[in-house]
$ cat target10.csv   # CSV, C-alpha atoms and all ligand atoms
chain,number,residue,atom,x,y,z
A,245,MET,CA,95.0,128.5,95.4
A,246,ARG,CA,95.8,128.5,91.7
A,247,GLU,CA,99.2,128.1,90.0
A,248,LEU,CA,100.9,129.8,93.0
A,249,SER,CA,104.6,130.5,92.7
A,250,LYS,CA,107.0,132.4,94.9
A,251,ALA,CA,110.6,133.3,94.4
A,252,PHE,CA,112.9,135.2,96.7
A,253,GLY,CA,115.2,137.1,94.3
A,254,ALA,CA,116.1,134.7,91.6
A,255,THR,CA,115.6,131.6,93.9
A,256,PRO,CA,112.3,129.8,93.3
A,257,ILE,CA,110.8,128.7,96.6
A,258,LEU,CA,107.3,127.5,95.5
A,259,ARG,CA,106.4,126.4,92.0
A,260,ASP,CA,103.0,126.3,90.4
A,261,ILE,CA,101.0,125.1,93.4
A,262,SER,CA,97.3,124.5,92.8
A,263,PHE,CA,95.0,123.0,95.5
A,264,GLU,CA,91.7,123.5,97.3
A,265,VAL,CA,90.9,123.1,101.0
A,266,PRO,CA,87.2,122.2,101.3
A,267,GLU,CA,85.3,124.1,104.0
A,268,GLY,CA,85.6,122.4,107.4
A,269,GLU,CA,88.5,120.2,106.4
A,270,PHE,CA,91.7,119.5,108.2
A,271,CYS,CA,94.4,119.8,105.5
A,272,VAL,CA,98.0,119.1,106.3
A,273,VAL,CA,101.0,120.4,104.3
A,274,LEU,CA,103.8,117.9,104.8
A,275,GLY,CA,107.4,118.2,103.6
A,276,PRO,CA,111.0,118.3,104.7
A,277,SER,CA,112.6,121.3,106.2
A,278,GLY,CA,113.1,124.1,103.7
A,279,CYS,CA,110.6,122.8,101.2
A,280,GLY,CA,108.5,126.0,101.4
A,281,LYS,CA,105.7,125.0,103.8
A,282,THR,CA,105.9,128.1,106.0
A,283,THR,CA,106.2,130.3,102.9
A,284,LEU,CA,103.0,128.8,101.6
A,285,LEU,CA,101.1,129.7,104.8
A,286,ARG,CA,102.6,133.2,104.8
A,287,LEU,CA,101.3,133.7,101.3
A,288,VAL,CA,97.8,132.7,102.4
A,289,ALA,CA,98.1,135.0,105.5
A,290,GLY,CA,99.3,137.9,103.4
A,291,LEU,CA,102.7,138.1,105.1
A,292,GLU,CA,104.3,137.5,101.7
A,293,ALA,CA,103.1,138.4,98.2
A,294,PRO,CA,103.0,135.6,95.5
A,295,SER,CA,105.3,136.1,92.5
A,296,THR,CA,102.5,134.7,90.3
A,297,GLY,CA,99.2,132.9,90.9
A,298,GLU,CA,96.0,133.5,92.8
A,299,ILE,CA,94.6,132.8,96.2
A,300,PHE,CA,90.9,132.5,96.9
A,301,LEU,CA,89.0,132.3,100.2
A,302,GLU,CA,85.3,131.1,100.0
A,303,GLY,CA,85.3,132.2,96.3
A,304,SER,CA,86.8,135.7,96.7
A,305,ARG,CA,90.2,136.5,95.6
A,306,ILE,CA,92.4,137.6,98.6
A,307,ASP,CA,96.0,137.7,97.4
A,308,ALA,CA,95.9,141.5,96.9
A,309,LEU,CA,94.3,142.2,100.3
A,310,PRO,CA,96.3,143.3,103.3
A,311,PRO,CA,96.6,140.6,106.1
A,312,ARG,CA,94.0,142.3,108.3
A,313,GLU,CA,91.3,142.0,105.7
A,314,ARG,CA,91.9,138.3,104.9
A,315,ASP,CA,89.8,136.6,107.6
A,316,VAL,CA,92.6,134.1,108.4
A,317,ALA,CA,94.1,133.3,111.8
A,318,PHE,CA,97.8,132.2,112.1
A,319,VAL,CA,98.7,130.0,115.1
A,320,PHE,CA,102.4,129.9,115.4
A,321,GLN,CA,105.0,127.4,116.6
A,322,SER,CA,105.3,129.1,120.0
A,323,TYR,CA,101.9,129.9,121.3
A,324,ALA,CA,103.1,133.5,122.0
A,325,LEU,CA,100.6,134.1,124.8
A,326,TYR,CA,101.0,137.3,126.8
A,327,PRO,CA,102.5,136.1,130.1
A,328,HIS,CA,101.3,139.0,132.2
A,329,MET,CA,97.6,138.7,131.0
A,330,THR,CA,95.0,136.3,132.3
A,331,VAL,CA,93.5,133.7,130.0
A,332,PHE,CA,90.4,135.9,129.6
A,333,GLU,CA,92.6,138.9,128.7
A,334,ASN,CA,94.6,136.8,126.2
A,335,LEU,CA,91.5,135.6,124.6
A,336,GLY,CA,89.9,139.0,124.4
A,337,PHE,CA,93.0,141.0,123.4
A,338,SER,CA,92.5,141.1,119.6
A,339,LEU,CA,88.9,141.9,120.0
A,340,ARG,CA,89.8,144.9,122.2
A,341,LEU,CA,92.2,146.1,119.6
A,342,ARG,CA,89.5,145.9,117.0
A,343,GLY,CA,87.2,148.1,119.1
A,344,PHE,CA,84.6,145.5,120.2
A,345,SER,CA,82.5,146.6,123.2
A,346,LYS,CA,83.0,145.1,126.7
A,347,ASN,CA,79.8,143.1,126.4
A,348,GLU,CA,80.7,141.7,123.0
A,349,ILE,CA,84.2,140.7,124.2
A,350,GLN,CA,82.6,139.1,127.3
A,351,SER,CA,80.2,137.0,125.2
A,352,LYS,CA,82.7,136.0,122.5
A,353,VAL,CA,85.4,135.0,125.1
A,354,THR,CA,82.9,133.1,127.2
A,355,GLU,CA,81.7,131.2,124.1
A,356,ALA,CA,85.3,130.3,123.1
A,357,ALA,CA,86.2,129.2,126.6
A,358,ARG,CA,83.1,127.0,126.7
A,359,LEU,CA,84.0,125.4,123.4
A,360,LEU,CA,87.5,124.8,124.5
A,361,GLU,CA,86.7,123.7,128.0
A,362,LEU,CA,88.7,126.6,129.5
A,363,GLU,CA,85.9,128.1,131.6
A,364,GLY,CA,87.7,127.2,134.9
A,365,GLN,CA,91.0,128.8,133.7
A,366,LEU,CA,89.8,132.3,132.7
A,367,GLN,CA,91.4,134.1,135.6
A,368,ARG,CA,94.7,132.2,135.4
A,369,LYS,CA,98.0,133.4,133.8
A,370,PRO,CA,99.7,131.3,131.1
A,371,HIS,CA,102.4,129.9,133.5
A,372,GLU,CA,99.6,128.4,135.6
A,373,LEU,CA,98.4,126.3,132.7
A,374,SER,CA,99.4,122.9,131.3
A,375,GLY,CA,100.8,122.7,127.8
A,376,GLY,CA,97.5,121.5,126.5
A,377,GLN,CA,95.6,124.3,128.1
A,378,ARG,CA,98.1,126.8,126.7
A,379,GLN,CA,97.6,125.4,123.3
A,380,ARG,CA,93.8,125.7,123.7
A,381,VAL,CA,94.2,129.3,124.7
A,382,ALA,CA,96.3,130.0,121.6
A,383,LEU,CA,93.6,128.4,119.6
A,384,GLY,CA,90.9,130.3,121.4
A,385,ARG,CA,92.5,133.6,120.5
A,386,ALA,CA,92.1,132.6,116.9
A,387,ILE,CA,88.6,131.2,117.4
A,388,VAL,CA,87.2,134.5,118.9
A,389,ARG,CA,88.1,136.2,115.7
A,390,GLN,CA,85.9,133.7,113.8
A,391,PRO,CA,88.3,133.4,110.8
A,392,LYS,CA,87.4,131.6,107.6
A,393,ILE,CA,90.6,129.5,107.9
A,394,PHE,CA,93.1,128.6,110.6
A,395,LEU,CA,96.7,128.5,109.6
A,396,PHE,CA,99.0,126.4,111.9
A,397,ASP,CA,102.7,126.4,111.5
A,398,GLU,CA,104.2,123.4,113.3
A,399,PRO,CA,102.3,124.2,116.5
A,400,LEU,CA,103.5,121.0,118.3
A,401,SER,CA,107.1,121.1,117.4
A,402,ASN,CA,108.4,122.5,120.7
A,403,LEU,CA,106.7,119.9,122.8
A,404,ASP,CA,108.2,116.7,124.3
A,405,PRO,CA,107.0,113.5,122.6
A,406,ALA,CA,104.4,112.5,125.2
A,407,LEU,CA,102.8,115.9,125.3
A,408,ARG,CA,103.0,116.1,121.5
A,409,ALA,CA,101.1,112.8,121.2
A,410,SER,CA,98.3,114.0,123.6
A,411,MET,CA,98.1,117.4,121.9
A,412,ARG,CA,97.6,115.7,118.5
A,413,ILE,CA,94.7,113.8,119.8
A,414,GLU,CA,93.3,116.9,121.5
A,415,LEU,CA,93.6,118.8,118.2
A,416,ALA,CA,91.9,116.0,116.2
A,417,ARG,CA,89.0,116.0,118.8
A,418,LEU,CA,88.6,119.8,118.6
A,419,HIS,CA,88.4,119.6,114.9
A,420,GLU,CA,85.9,116.8,115.0
A,421,ARG,CA,83.7,118.9,117.3
A,422,LEU,CA,84.1,122.4,115.8
A,423,LYS,CA,84.9,121.6,112.2
A,424,PRO,CA,87.0,124.7,111.4
A,425,THR,CA,88.8,124.8,108.0
A,426,ILE,CA,92.5,124.2,108.8
A,427,LEU,CA,95.7,124.4,106.8
A,428,TYR,CA,98.4,122.8,109.0
A,429,VAL,CA,102.1,122.6,108.3
A,430,THR,CA,104.4,119.9,109.6
A,431,HIS,CA,107.5,117.9,108.6
A,432,ASP,CA,106.3,115.0,110.8
A,433,GLN,CA,104.7,112.3,108.6
A,434,ALA,CA,103.1,110.5,111.6
A,435,GLU,CA,101.4,113.8,112.6
A,436,ALA,CA,100.2,114.4,109.1
A,437,MET,CA,98.8,110.9,108.9
A,438,ILE,CA,96.9,111.2,112.2
A,439,LEU,CA,95.6,114.7,111.8
A,440,GLY,CA,95.1,115.2,108.1
A,441,GLU,CA,91.9,114.5,106.2
A,442,THR,CA,93.9,115.6,103.1
A,443,ILE,CA,97.6,115.7,103.0
A,444,MET,CA,99.6,117.8,100.5
A,445,VAL,CA,103.2,116.6,100.2
A,446,LEU,CA,105.7,119.2,99.2
A,447,ASN,CA,109.3,118.8,98.1
A,448,GLU,CA,111.6,121.6,96.9
A,449,GLY,CA,108.7,123.9,96.4
A,450,GLU,CA,106.7,121.5,94.3
A,451,LEU,CA,103.5,119.7,95.1
A,452,GLN,CA,104.3,116.0,94.9
A,453,GLN,CA,100.9,114.5,95.7
A,454,SER,CA,97.7,115.5,97.5
A,455,GLY,CA,95.1,113.1,98.8
A,456,SER,CA,93.7,111.2,101.8
A,457,PRO,CA,96.3,109.7,104.2
A,458,SER,CA,95.4,106.3,103.0
A,459,ALA,CA,96.0,107.2,99.3
A,460,ILE,CA,99.3,108.9,100.2
A,461,TYR,CA,100.4,105.8,102.1
A,462,HIS,CA,99.1,103.0,99.9
A,463,GLN,CA,99.5,104.7,96.5
A,464,PRO,CA,102.4,107.1,96.8
A,465,ALA,CA,102.7,109.0,93.5
A,466,ASN,CA,106.5,108.9,93.4
A,467,THR,CA,109.6,107.6,95.2
A,468,PHE,CA,109.9,110.8,97.2
A,469,VAL,CA,106.4,110.4,98.8
A,470,ALA,CA,107.0,106.6,99.1
A,471,ARG,CA,110.2,107.3,101.1
A,472,PHE,CA,108.9,110.3,103.1
A,473,VAL,CA,105.7,108.8,104.4
A,474,GLY,CA,105.9,105.7,106.6
A,475,HIS,CA,108.3,104.4,109.3
A,476,PRO,CA,110.5,102.5,108.7
A,477,GLN,CA,110.7,103.8,105.1
A,478,MET,CA,109.5,101.8,102.2
A,479,ASN,CA,112.1,99.4,100.8
A,480,LEU,CA,113.0,100.7,97.3
A,481,ILE,CA,114.9,98.2,95.1
A,482,GLU,CA,116.4,99.3,91.8
A,483,GLY,CA,116.2,96.6,89.1
A,484,LYS,CA,115.1,95.6,85.7
A,485,LEU,CA,112.2,93.7,84.2
A,486,ASP,CA,113.0,91.0,81.7
A,487,ASP,CA,111.8,91.1,78.1
A,488,LYS,CA,108.7,89.2,79.0
A,489,GLY,CA,107.8,91.6,81.8
A,490,ARG,CA,107.7,88.8,84.4
A,491,LEU,CA,111.0,88.6,86.2
A,492,PHE,CA,112.3,91.5,88.1
A,493,THR,CA,116.0,91.2,88.6
A,494,SER,CA,118.0,93.3,91.0
A,495,ASN,CA,121.6,93.1,92.2
A,496,GLY,CA,120.9,90.3,94.7
A,497,PHE,CA,117.7,88.6,93.8
A,498,GLU,CA,115.0,87.9,91.3
A,499,LEU,CA,111.3,88.2,91.8
A,500,GLU,CA,108.8,86.3,89.7
A,501,LEU,CA,106.0,88.8,89.1
A,502,SER,CA,103.7,86.7,87.0
A,503,GLY,CA,101.6,85.8,90.1
A,504,ALA,CA,100.9,89.5,90.8
A,505,VAL,CA,97.3,90.6,90.3
A,506,TRP,CA,98.2,93.6,88.3
A,507,LYS,CA,98.7,92.5,84.7
A,508,GLY,CA,100.3,95.8,83.6
A,509,TRP,CA,103.9,94.7,84.4
A,510,GLY,CA,104.4,93.7,80.8
A,511,THR,CA,104.2,97.3,79.6
A,512,PHE,CA,107.6,97.9,81.3
A,513,ALA,CA,109.3,94.8,79.9
A,514,GLY,CA,113.0,95.4,79.5
A,515,LYS,CA,112.9,98.7,81.5
A,516,SER,CA,114.7,99.8,84.6
A,517,LEU,CA,112.3,100.1,87.5
A,518,THR,CA,112.2,100.7,91.2
A,519,LEU,CA,110.2,98.2,93.2
A,520,GLY,CA,108.8,99.4,96.5
A,521,ILE,CA,107.8,97.1,99.4
A,522,ARG,CA,106.6,98.4,102.7
A,523,PRO,CA,108.4,96.7,105.7
A,524,GLU,CA,105.0,95.4,107.0
A,525,ASP,CA,104.2,93.8,103.7
A,526,LEU,CA,107.0,91.3,104.0
A,527,TYR,CA,106.5,88.1,106.0
A,528,PRO,CA,108.5,84.9,106.7
A,529,ALA,CA,108.1,82.6,103.7
A,530,GLY,CA,107.7,79.4,105.9
A,531,ALA,CA,107.2,76.5,103.5
A,532,GLU,CA,106.4,78.8,100.5
A,533,GLU,CA,109.0,79.7,97.8
A,534,PRO,CA,110.8,82.8,99.2
A,535,TRP,CA,111.1,86.0,97.2
A,536,ILE,CA,113.9,87.5,99.1
A,537,ARG,CA,116.5,85.7,101.1
A,538,GLY,CA,118.8,87.8,103.2
A,539,GLU,CA,121.2,87.8,106.1
A,540,VAL,CA,119.9,89.5,109.3
A,541,GLU,CA,122.3,92.4,109.9
A,542,MET,CA,120.5,94.1,112.8
A,543,VAL,CA,117.3,93.8,114.8
A,544,GLU,CA,115.6,96.9,116.3
A,545,ASP,CA,113.4,95.4,119.1
A,546,LEU,CA,110.8,98.0,120.1
A,547,GLY,CA,109.0,95.6,122.5
A,548,SER,CA,105.7,95.8,120.6
A,549,GLU,CA,107.3,95.0,117.2
A,550,GLN,CA,110.7,94.5,115.7
A,551,PHE,CA,112.4,96.0,112.6
A,552,VAL,CA,114.7,93.5,111.1
A,553,HIS,CA,117.4,94.8,108.7
A,554,LEU,CA,118.6,92.3,106.1
A,555,LYS,CA,121.3,92.6,103.5
A,556,ARG,CA,121.9,90.8,100.4
A,557,GLU,CA,124.6,91.7,98.0
A,558,GLY,CA,124.3,95.4,98.3
A,559,VAL,CA,120.5,95.5,98.7
A,560,ARG,CA,119.3,96.4,102.1
A,561,ILE,CA,115.8,95.5,103.2
A,562,VAL,CA,113.8,96.3,106.4
A,563,VAL,CA,111.1,94.0,107.6
A,564,ARG,CA,108.5,94.8,110.3
A,565,LEU,CA,107.8,91.6,112.2
A,566,PRO,CA,105.8,90.7,115.3
A,567,VAL,CA,108.1,90.1,118.3
A,568,ASN,CA,107.1,86.4,118.6
A,569,VAL,CA,109.1,85.7,115.4
A,570,ARG,CA,112.5,84.9,116.8
A,571,VAL,CA,115.4,86.3,114.7
A,572,ARG,CA,119.1,86.6,115.4
A,573,ARG,CA,121.9,88.5,113.8
A,574,GLY,CA,123.7,86.5,111.1
A,575,GLU,CA,120.7,84.3,110.5
A,576,ILE,CA,119.4,83.8,107.0
A,577,LEU,CA,115.7,84.9,106.6
A,578,ASP,CA,113.4,83.9,103.7
A,579,LEU,CA,110.6,86.3,103.0
A,580,LYS,CA,107.6,86.7,100.8
A,581,ALA,CA,105.3,89.7,100.1
A,582,ASP,CA,101.7,90.0,99.0
A,583,PRO,CA,102.0,90.7,95.3
A,584,ASP,CA,99.0,93.1,95.4
A,585,ARG,CA,100.9,95.3,97.8
A,586,LEU,CA,104.0,95.9,95.6
A,587,HIS,CA,104.7,99.4,94.3
A,588,LEU,CA,106.4,100.0,91.0
A,589,PHE,CA,108.1,103.2,89.9
A,590,HIS,CA,109.5,104.1,86.5
A,591,HIS,CA,111.8,107.2,86.5
A,592,GLY,CA,110.7,107.7,90.0
A,593,ASN,CA,106.9,107.9,89.2
A,594,ARG,CA,104.4,105.3,90.2
A,595,VAL,CA,103.1,103.1,87.4
A,596,ASN,CA,100.9,100.5,89.0
A,597,PRO,CA,97.4,101.4,90.3
B,1,LIG,P1,111.0,124.5,108.0
B,1,LIG,O1,110.3,123.3,108.2
B,1,LIG,O2,112.5,124.3,108.2
B,1,LIG,O3,110.5,125.7,108.7
B,1,LIG,P2,109.8,125.2,105.5
B,1,LIG,O4,109.4,124.1,104.6
B,1,LIG,O5,108.7,125.9,106.3
B,1,LIG,O6,111.0,124.8,106.4
B,1,LIG,P3,110.3,127.8,104.4
B,1,LIG,O7,110.4,128.5,105.7
B,1,LIG,O8,109.0,128.1,103.6
B,1,LIG,O9,110.5,126.3,104.5
B,1,LIG,O10,111.5,128.2,103.5
B,1,LIG,C1,111.7,127.7,102.2
B,1,LIG,C2,113.0,128.2,101.6
B,1,LIG,O11,112.8,129.6,101.4
B,1,LIG,C3,114.2,128.1,102.5
B,1,LIG,O12,115.3,127.7,101.7
B,1,LIG,C4,114.4,129.5,103.1
B,1,LIG,O13,115.8,129.7,103.3
B,1,LIG,C5,113.9,130.3,102.0
B,1,LIG,N1,113.4,131.6,102.5
B,1,LIG,C6,112.3,131.8,103.3
B,1,LIG,N2,112.1,133.1,103.6
B,1,LIG,C7,112.9,133.8,102.8
B,1,LIG,C8,113.2,135.2,102.6
B,1,LIG,N3,112.4,136.1,103.2
B,1,LIG,N4,114.2,135.5,101.8
B,1,LIG,C9,114.9,134.6,101.2
B,1,LIG,N5,114.8,133.3,101.3
B,1,LIG,C10,113.8,132.8,102.1
$ encode --input "target10.csv" --output "structure tokens" --more "lines below"
Ligand code: ATP
Amino acid sequence: MRELSKAFGATPILRDISFEVPEGEFCVVLGPSGCGKTTLLRLVAGLEAPSTGEIFLEGSRIDALPPRERDVAFVFQSYALYPHMTVFENLGFSLRLRGFSKNEIQSKVTEAARLLELEGQLQRKPHELSGGQRQRVALGRAIVRQPKIFLFDEPLSNLDPALRASMRIELARLHERLKPTILYVTHDQAEAMILGETIMVLNEGELQQSGSPSAIYHQPANTFVARFVGHPQMNLIEGKLDDKGRLFTSNGFELELSGAVWKGWGTFAGKSLTLGIRPEDLYPAGAEEPWIRGEVEMVEDLGSEQFVHLKREGVRIVVRLPVNVRVRRGEILDLKADPDRLHLFHHGNRVNP
């Protein structure tokens, strides 16, 4: 899509969105509630018309076409299977509406059922299926139509956490096997990281960053992406660099940055900056000179790891530590971080590579 914008009345919902989903790729649109994700899918499906901009599918412009002629399949939050129909009938329903012959329907449905490993379930009704099987039927209904792109709107959001986790894996496997082109909307950053080959991060109708999960996580383009992706959130510390561009001073501590591999700090000498450190990039300083010293305010022990919350004169820091590091509330903890893994933002935008 190219320079796509949408407003409802005078309210802009999407602003100037340009991006491309390569054929066969799993692309995730990630953003908080209300940022315009569903609207974006509806524009692609033709359920809304863009205010300005263009949408192309395999090189042909589609934004003026009615939904039926777009060759896209929308898979919704609720699977919306017909409860009184068997799996076979659910899978073949749209083909029947389109006037396909009995034989054609039989062969397309059998093929989809084979791909989705639903052959044994064809005569069952939806209530006799597991959540995962129901999801596959919903997907199968889209597959039989052989669309050029699948649009998913938070398909896992109604499921309990355990089922959601197994469905994620199932979806990733299916994509690996069948390689359909997918545009998938979610507000769940973990889901986006697991499923997406490309992630587009949206906020307030604007594209913040698009890239591989690794690029989004390790080189967030701005403080919004830095905060939105990753759990616990990245520590963001407001401060200032000294005139030599070496010492970062914040309201509770000073960091000597001269040891950092990136030599570009000096460009921002004397400027106000935000320093970002992921909780897992901090570690106990041991005998080394600590960077951050803070009092342990709270420990979240998850069994497999612990999130330690420190405070120091108004600055709050979260550290992810292995459980074999013993920490207690009220204790003073000395920490270091790998200087290569620091993130630096100026006016909210990333400045280091
Ligand atoms: P969620 O994750 O909560 O579903 P979303 O990111 O999918 O959110 P959208 O459903 O695209 O967000 O909505 C974006 C904004 O557009 C919201 O503020 C919503 O109230 C507004 N909006 C959506 N549809 C319409 C409409 N038909 N008329 C007016 N405003 C609308």
$ residues_near_ligand --input "target10.csv" --ligand "ligand LIG 1 (chain B)" --cutoff "7 Å" --atoms "only C-alpha atoms and all ligand atoms" --output "NGL selection string"
:A and (252 or 257 or 275-284 or 430-431)
$ atom_distance --input "target10.csv" --atom1 "CA of Arg570 (chain A)" --atom2 "CA of Glu557 (chain A)"
23.4 Å
$ atom_distance --input "target10.csv" --atom1 "CA of Ser494 (chain A)" --atom2 "CA of Phe512 (chain A)"
14.9 Å
$ closest_residue --input "target10.csv" --among "A:Pro399, A:Gly489, A:Gly510, A:Gly290" --to "Pro310 (chain A)" --atoms "only C-alpha atoms"
A:Gly290
$ closest_atom_pairs --input "target10.csv" --of "region 370-479 of chain A" --to "region 325-329 of chain A" --cutoff "9 Å" --atoms "only C-alpha atoms" --output "JSON lines"
{"residue": "A:Pro370", "atom": "CA", "partner": "A:Pro327", "partner_atom": "CA", "distance": 5.6}
{"residue": "A:His371", "atom": "CA", "partner": "A:Pro327", "partner_atom": "CA", "distance": 7.1}
{"residue": "A:Arg378", "atom": "CA", "partner": "A:Leu325", "partner_atom": "CA", "distance": 7.9}
{"residue": "A:Val381", "atom": "CA", "partner": "A:Leu325", "partner_atom": "CA", "distance": 8.0}
{"residue": "A:Ala382", "atom": "CA", "partner": "A:Leu325", "partner_atom": "CA", "distance": 6.7}
$ atom_distance --input "target10.csv" --atom1 "CA of Ala470 (chain A)" --atom2 "CA of Asp260 (chain A)"
21.9 Å
$ closest_residue --input "target10.csv" --among "A:His553, A:Arg560, A:Arg314, A:Arg585" --to "Arg572 (chain A)" --atoms "all atoms listed in the file"
A:His553
